[in-house]
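Enquirer: This structure is in structure tokens; I'll ask about it shortly.
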Amino acid sequence: MTEPKFVYVTYIATTPEKLWQALTEGAFTRQYWFGQTIESDWTLGSRVVFRSGSDVHDYGEVLACEPYTRLSYSWRVEFHELFRHEKPSRVTFELEAMGAEVKLTVTHDEFEPGSKVHAAVSNGWPLVLASLKSLLETGRGSTLTTPDKLCGAKERAIALAEDAA
Amino acid sequence: MTESKFVPKTIYVTYIAATPERVWAALTGAEFTKQYFFGRDIEIEPKVGGSFAMRMPDGRFDIKGRVIEWDPPRRLAVTWGVAFEEFRALPESLVTYEIEPMGGSVKLTMTEAHQWDVPDAILAGGRQGWPLILSSLKSLLETGKPIVVGVKVGPPKEMLEAVKDAVAKKPWRAAVTQ
């Protein structure tokens, strides 16, 4: 049996430097990631925190950081008890410059067997990454990923995880 | 032919800041497809059972099929036969686009389904192509400019070998009756 794994590829009209900034700086993530800011000093082993307001939703640890090329962190989903007991999964962003565009490959893996997090993320990533692409190309993230949509996104993630159970 | 024989193998979802009508027009209009679908013009008869083809910039057709579902601006399904070289001998796949309005945007889901147990090496072609095609469609509708990748992207080498191998062995004979 193959390990559960989520892979998504998108092409963005931007530079690897701008895309890197959008992935690693809270001032950018909050514009395309349901208002959440990402916080880390991006050195190996450092903590990565997803925060909205004073709430910490998820956190992890930096596993790889090669600026403009490759970023990887572990990820523990904290916002609901359904996910909280699972061991952290791993997300990896690979950036590849192709002419005037960047190919971005997002791989989310190392889920535990029967992971509910896996069931939940397959829905969320296409939306977050579509919004990231819109932000970099048009200056505006998707209206589907504004801070007021965070609750709905969490509810969908929980519903998907419960369906998969 | 019954559609129920087709099993989804590749699904790609994206969200586009556009109306369902604009997305439908982009999927079915040659003035759009030539900009985001590797330069190809779509030729499609707007009815179930109508013909469907994609014409390359050199005038030859490399994709041919039939319209299975025509429900503007919600669902479009076409059979998808690759019309060059060894690929011609492969069974057709089924490509379905689903357009869902969502808070002023659109969720676009592309599903590529097959009627035989296609090896991953052959699926790799679509898995490489669809993200680029649909990323480009999104850019075109949101910014007016498609994605034009400066690096030439051809079919994966393993894919061509897997197609040759499949055509020689025809593993679909048990599953496909046409």
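So you can find residues: chains in the structure tokens are A, B, ... in the order shown, residues in each start at 1, and ligands are numbered from 1 in order.
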Near chain A, meaning an atom within 8 Å, which residues of chain B appear when counting only C-alpha atoms? Write them as a list in words.
Expert: Val13, Thr14, Tyr15, Ile16, Ala17, Met102, Gly103, Gly104, Ser105, Pro131, Leu132, Ser135, Ser136, Ser139, Glu142, Thr143, Ile147, Val148, Val149, Gly150 and Val151 of chain B
Enquirer: When DSSP is applied to the backbone of this structure, which of chain B are assigned alpha helix (DSSP H)? Write them out as an NGL selection string.
Expert: :B and (20-28 or 30-36 or 120-143 or 157-169)
Enquirer: Those residues you just picked out, can you put them in a file as an mmCIF file, in the first residue's frame with C-alpha atoms?
Expert:
data_model
loop_
_atom_site.group_PDB
_atom_site.id
_atom_site.type_symbol
_atom_site.label_atom_id
_atom_site.label_comp_id
_atom_site.auth_asym_id
_atom_site.auth_seq_id
_atom_site.Cartn_x
_atom_site.Cartn_y
_atom_site.Cartn_z
ATOM 1 C CA PRO B 20 -18.985 30.724 -14.319
ATOM 2 C CA GLU B 21 -19.880 32.130 -17.755
ATOM 3 C CA ARG B 22 -16.346 33.474 -18.283
ATOM 4 C CA VAL B 23 -14.803 30.163 -17.229
ATOM 5 C CA TRP B 24 -17.174 28.287 -19.552
ATOM 6 C CA ALA B 25 -16.242 30.627 -22.423
ATOM 7 C CA ALA B 26 -12.545 30.038 -21.706
ATOM 8 C CA LEU B 27 -12.984 26.252 -21.740
ATOM 9 C CA THR B 28 -14.983 26.180 -24.969
ATOM 10 C CA ALA B 30 -10.700 28.841 -29.346
ATOM 11 C CA GLU B 31 -9.744 32.493 -28.816
ATOM 12 C CA PHE B 32 -9.095 31.493 -25.166
ATOM 13 C CA THR B 33 -7.711 27.952 -25.547
ATOM 14 C CA LYS B 34 -5.057 29.068 -28.039
ATOM 15 C CA GLN B 35 -3.684 31.305 -25.280
ATOM 16 C CA TYR B 36 -3.527 28.793 -22.401
ATOM 17 C CA ASP B 120 1.374 5.792 -13.729
ATOM 18 C CA ALA B 121 3.995 6.402 -16.422
ATOM 19 C CA ILE B 122 1.213 7.231 -18.904
ATOM 20 C CA LEU B 123 -0.820 9.216 -16.363
ATOM 21 C CA ALA B 124 2.349 11.276 -15.790
ATOM 22 C CA GLY B 125 1.709 13.097 -19.068
ATOM 23 C CA GLY B 126 -1.581 14.564 -17.884
ATOM 24 C CA ARG B 127 -0.277 15.092 -14.381
ATOM 25 C CA GLN B 128 2.482 17.237 -15.872
ATOM 26 C CA GLY B 129 0.258 19.054 -18.362
ATOM 27 C CA TRP B 130 -2.942 19.849 -16.463
ATOM 28 C CA PRO B 131 -1.374 21.997 -13.703
ATOM 29 C CA LEU B 132 0.302 24.149 -16.349
ATOM 30 C CA ILE B 133 -2.797 24.402 -18.556
ATOM 31 C CA LEU B 134 -5.145 25.233 -15.688
ATOM 32 C CA SER B 135 -2.668 27.609 -13.980
ATOM 33 C CA SER B 136 -2.460 29.410 -17.297
ATOM 34 C CA LEU B 137 -6.259 29.516 -17.673
ATOM 35 C CA LYS B 138 -6.532 31.061 -14.191
ATOM 36 C CA SER B 139 -3.879 33.690 -14.997
ATOM 37 C CA LEU B 140 -5.547 34.501 -18.319
ATOM 38 C CA LEU B 141 -8.935 35.144 -16.696
ATOM 39 C CA GLU B 142 -7.563 37.043 -13.697
ATOM 40 C CA THR B 143 -4.813 39.098 -15.331
ATOM 41 C CA LYS B 157 10.372 9.999 -21.726
ATOM 42 C CA GLU B 158 9.019 7.200 -19.544
ATOM 43 C CA MET B 159 5.556 8.052 -20.814
ATOM 44 C CA LEU B 160 6.475 7.459 -24.461
ATOM 45 C CA GLU B 161 8.037 4.109 -23.549
ATOM 46 C CA ALA B 162 4.991 3.111 -21.488
ATOM 47 C CA VAL B 163 2.682 3.990 -24.393
ATOM 48 C CA LYS B 164 4.741 1.821 -26.781
ATOM 49 C CA ASP B 165 4.654 -1.021 -24.308
ATOM 50 C CA ALA B 166 0.883 -0.704 -23.727
ATOM 51 C CA VAL B 167 0.141 -0.544 -27.445
ATOM 52 C CA ALA B 168 2.164 -3.737 -27.965
ATOM 53 C CA LYS B 169 0.425 -5.633 -25.134
#
Enquirer: Show which residues sit within 9 Å of Pro46 in chain B, as number ranges by chain. Count only C-alpha atoms, and ignore same-chain residues fewer than 4 positions away.
Expert: B: 28, 50-51, 67, 70
Enquirer: Taking N, CA and C atoms for each residue, export the selection above as an mmCIF file, in the first residue's frame.
Expert:
data_model
loop_
_atom_site.group_PDB
_atom_site.id
_atom_site.type_symbol
_atom_site.label_atom_id
_atom_site.label_comp_id
_atom_site.auth_asym_id
_atom_site.auth_seq_id
_atom_site.Cartn_x
_atom_site.Cartn_y
_atom_site.Cartn_z
ATOM 1 N N THR B 28 -14.355 26.613 -23.716
ATOM 2 C CA THR B 28 -14.983 26.180 -24.969
ATOM 3 C C THR B 28 -14.690 27.095 -26.160
ATOM 4 N N GLY B 50 -21.902 15.897 -29.955
ATOM 5 C CA GLY B 50 -21.160 16.702 -30.929
ATOM 6 C C GLY B 50 -19.687 16.327 -30.968
ATOM 7 N N SER B 51 -19.004 16.802 -31.997
ATOM 8 C CA SER B 51 -17.583 16.475 -32.114
ATOM 9 C C SER B 51 -16.753 17.451 -31.291
ATOM 10 N N VAL B 67 -18.595 15.044 -27.413
ATOM 11 C CA VAL B 67 -19.173 15.709 -26.243
ATOM 12 C C VAL B 67 -20.119 14.728 -25.538
ATOM 13 N N TRP B 70 -22.943 18.497 -21.944
ATOM 14 C CA TRP B 70 -22.875 19.910 -22.352
ATOM 15 C C TRP B 70 -23.920 20.652 -21.541
#
Enquirer: Mind checking DSSP for chain B and telling me the strand (DSSP E or B) residues as a ChimeraX atom specification?
Expert: /B:7-16,41-44,51-55,61-71,75-82,93-102,105-114
Enquirer: To one decimal place, how far is CA of Thr19 in chain B from CA of Thr96 in chain B in Å?
Expert: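 These atoms are spaced 18.5 Å apart.
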Enquirer: Which neighbours of Asp117 in chain B fall inside 10 Å, counting only C-alpha atoms, when residues of the same chain fewer than 5 positions from it are skipped, and could you give them as a compact mmCIF listing (two decimals) with N, CA, C and O atoms, in the first residue's frame?
Expert:
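Listing of around-v2.txt after writing:
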# COMPACT_ATOMS: atom_id res chain seq x y z
N VAL B 7 -12.89 5.43 -14.72
CA VAL B 7 -12.50 5.62 -13.32
C VAL B 7 -11.59 6.85 -13.24
O VAL B 7 -10.60 6.94 -13.97
N LYS B 9 -8.67 9.20 -12.47
CA LYS B 9 -7.27 8.92 -12.12
C LYS B 9 -6.49 10.19 -11.77
O LYS B 9 -5.53 10.14 -11.03
N PRO B 171 -3.27 -4.14 -22.81
CA PRO B 171 -3.82 -4.68 -21.56
C PRO B 171 -5.29 -4.31 -21.33
O PRO B 171 -5.93 -4.83 -20.43
N TRP B 172 -5.83 -3.40 -22.15
CA TRP B 172 -7.21 -2.94 -21.93
C TRP B 172 -8.22 -3.84 -22.61
O TRP B 172 -9.41 -3.64 -22.45
N ALA B 175 -10.97 -4.97 -20.45
CA ALA B 175 -11.84 -3.97 -19.82
C ALA B 175 -12.67 -3.20 -20.85
O ALA B 175 -13.79 -2.77 -20.55
Enquirer: Could you give me, as a PyMOL selection string, the residues within 10 Å of range 105-112 of chain A, counting only C-alpha atoms and dropping anything in the same chain fewer than 6 positions from it?
Expert: chain A and resi 3-11+70-75+86-96+118+121-122+125+129
Enquirer: Keeping only C-alpha atoms, write the selected residues to a file as a PDB file, in the first residue's frame.
Expert:
ATOM      1  CA  GLU A   3       1.699   6.053   1.805  1.00  0.00           C
ATOM      2  CA  PRO A   4      -0.941   8.806   1.746  1.00  0.00           C
ATOM      3  CA  LYS A   5       0.539  11.867   0.135  1.00  0.00           C
ATOM      4  CA  PHE A   6      -0.830  15.075  -1.296  1.00  0.00           C
ATOM      5  CA  VAL A   7       0.951  16.720  -4.241  1.00  0.00           C
ATOM      6  CA  TYR A   8      -0.134  19.934  -5.953  1.00  0.00           C
ATOM      7  CA  VAL A   9       1.650  21.805  -8.735  1.00  0.00           C
ATOM      8  CA  THR A  10       0.953  25.345  -9.829  1.00  0.00           C
ATOM      9  CA  TYR A  11       2.711  27.873 -12.049  1.00  0.00           C
ATOM     10  CA  ARG A  70      13.128  24.502  -1.050  1.00  0.00           C
ATOM     11  CA  LEU A  71      11.272  24.945   2.220  1.00  0.00           C
ATOM     12  CA  SER A  72      10.034  22.158   4.434  1.00  0.00           C
ATOM     13  CA  TYR A  73       8.459  22.063   7.871  1.00  0.00           C
ATOM     14  CA  SER A  74       6.691  19.602  10.078  1.00  0.00           C
ATOM     15  CA  TRP A  75       3.085  20.409  10.841  1.00  0.00           C
ATOM     16  CA  GLU A  86      -1.774  12.799  15.349  1.00  0.00           C
ATOM     17  CA  LYS A  87       1.985  12.936  14.937  1.00  0.00           C
ATOM     18  CA  PRO A  88       3.141  15.935  12.864  1.00  0.00           C
ATOM     19  CA  SER A  89       3.006  15.534   9.087  1.00  0.00           C
ATOM     20  CA  ARG A  90       5.445  17.250   6.724  1.00  0.00           C
ATOM     21  CA  VAL A  91       4.945  19.899   4.057  1.00  0.00           C
ATOM     22  CA  THR A  92       7.563  20.718   1.424  1.00  0.00           C
ATOM     23  CA  PHE A  93       7.556  23.597  -1.058  1.00  0.00           C
ATOM     24  CA  GLU A  94       9.823  23.300  -4.103  1.00  0.00           C
ATOM     25  CA  LEU A  95      10.363  26.365  -6.289  1.00  0.00           C
ATOM     26  CA  GLU A  96      11.702  26.082  -9.821  1.00  0.00           C
ATOM     27  CA  HIS A 118      -4.629  13.919   5.222  1.00  0.00           C
ATOM     28  CA  VAL A 121      -5.787  19.038   3.731  1.00  0.00           C
ATOM     29  CA  SER A 122      -6.582  17.786   0.229  1.00  0.00           C
ATOM     30  CA  TRP A 125      -4.417  23.303  -0.323  1.00  0.00           C
ATOM     31  CA  LEU A 129      -2.463  27.953  -3.371  1.00  0.00           C
TER      32      LEU A 129
END
Enquirer: Would you mind listing what lies within 12 Å of Ala159 in chain A as a tab-separated table (two decimals) with N, CA, C and O atoms, in the first residue's frame, with only C-alpha atoms counted and same-chain residues fewer than 2 positions away left out?
Expert:
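File selection.tsv, as written:
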chain	number	residue	atom	x	y	z
A	80	HIS	N	-8.29	21.47	16.29
A	80	HIS	CA	-9.40	20.61	16.69
A	80	HIS	C	-8.87	19.29	17.23
A	80	HIS	O	-7.87	18.78	16.75
A	82	LEU	N	-9.79	16.39	16.78
A	82	LEU	CA	-9.72	15.31	15.79
A	82	LEU	C	-8.30	15.13	15.25
A	82	LEU	O	-7.89	14.04	14.88
A	116	LYS	N	-6.45	11.65	9.69
A	116	LYS	CA	-7.58	12.54	9.43
A	116	LYS	C	-7.08	13.86	8.87
A	116	LYS	O	-7.78	14.56	8.15
A	117	VAL	N	-5.85	14.21	9.21
A	117	VAL	CA	-5.27	15.43	8.66
A	117	VAL	C	-5.17	15.30	7.14
A	117	VAL	O	-5.51	16.23	6.40
A	119	ALA	N	-7.02	13.61	5.08
A	119	ALA	CA	-8.35	13.80	4.47
A	119	ALA	C	-8.72	15.27	4.43
A	119	ALA	O	-9.35	15.74	3.48
A	120	ALA	N	-8.31	16.01	5.45
A	120	ALA	CA	-8.72	17.40	5.56
A	120	ALA	C	-7.91	18.33	4.64
A	120	ALA	O	-8.46	19.27	4.09
A	121	VAL	N	-6.61	18.06	4.46
A	121	VAL	CA	-5.79	19.04	3.73
A	121	VAL	C	-6.00	19.00	2.23
A	121	VAL	O	-5.77	19.99	1.54
A	123	ASN	N	-8.50	19.20	0.55
A	123	ASN	CA	-9.46	20.23	0.16
A	123	ASN	C	-8.88	21.64	0.31
A	123	ASN	O	-9.13	22.50	-0.53
A	152	GLY	N	-15.25	28.76	8.42
A	152	GLY	CA	-15.86	27.86	7.44
A	152	GLY	C	-14.85	26.83	6.94
A	152	GLY	O	-15.19	25.65	6.77
A	153	ALA	N	-13.62	27.28	6.72
A	153	ALA	CA	-12.58	26.37	6.21
A	153	ALA	C	-12.29	25.28	7.24
A	153	ALA	O	-12.12	24.11	6.91
A	154	LYS	N	-12.26	25.69	8.51
A	154	LYS	CA	-12.01	24.71	9.58
A	154	LYS	C	-13.16	23.71	9.67
A	154	LYS	O	-12.94	22.51	9.84
A	155	GLU	N	-14.38	24.23	9.54
A	155	GLU	CA	-15.55	23.34	9.61
A	155	GLU	C	-15.53	22.32	8.48
A	155	GLU	O	-15.83	21.15	8.68
A	156	ARG	N	-15.15	22.79	7.27
A	156	ARG	CA	-15.05	21.85	6.14
A	156	ARG	C	-13.98	20.80	6.40
A	156	ARG	O	-14.17	19.63	6.10
A	157	ALA	N	-12.85	21.24	6.94
A	157	ALA	CA	-11.75	20.30	7.23
A	157	ALA	C	-12.22	19.24	8.23
A	157	ALA	O	-11.95	18.04	8.07
A	161	ALA	N	-12.70	15.20	7.55
A	161	ALA	CA	-11.99	14.24	8.42
A	161	ALA	C	-12.99	13.26	9.03
A	161	ALA	O	-12.71	12.06	9.15
A	162	GLU	N	-14.17	13.76	9.39
A	162	GLU	CA	-15.19	12.87	9.98
A	162	GLU	C	-15.74	11.91	8.93
A	162	GLU	O	-15.96	10.74	9.21
A	163	ASP	N	-15.93	12.41	7.70
A	163	ASP	CA	-16.39	11.54	6.60
A	163	ASP	C	-15.41	10.41	6.34
A	163	ASP	O	-15.81	9.29	6.03
A	164	ALA	N	-14.13	10.74	6.41
A	164	ALA	CA	-13.09	9.76	6.08
A	164	ALA	C	-12.97	8.71	7.18
A	164	ALA	O	-12.42	7.63	6.96
A	165	ALA	N	-13.49	9.02	8.36
A	165	ALA	CA	-13.31	8.11	9.51
A	165	ALA	C	-14.19	6.86	9.36
A	165	ALA	O	-15.20	6.88	8.69
Enquirer: Work out how far apart CA of Phe61 in chain B and CA of Met110 in chain B are and give it in Å to one decimal.
Expert: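 So the two atoms, CA of Phe61 in chain B and CA of Met110 in chain B, lie 21.5 Å apart.
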Enquirer: Counting only C-alpha atoms, which residue out of B:Pro146, B:Thr109, B:Ala89, B:Pro155 sits closest to Tyr12 in chain B?
Expert: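 Checking each of B:Pro146, B:Thr109, B:Ala89, B:Pro155 against Tyr12 in chain B, counting only C-alpha atoms, the winner is B:Thr109.
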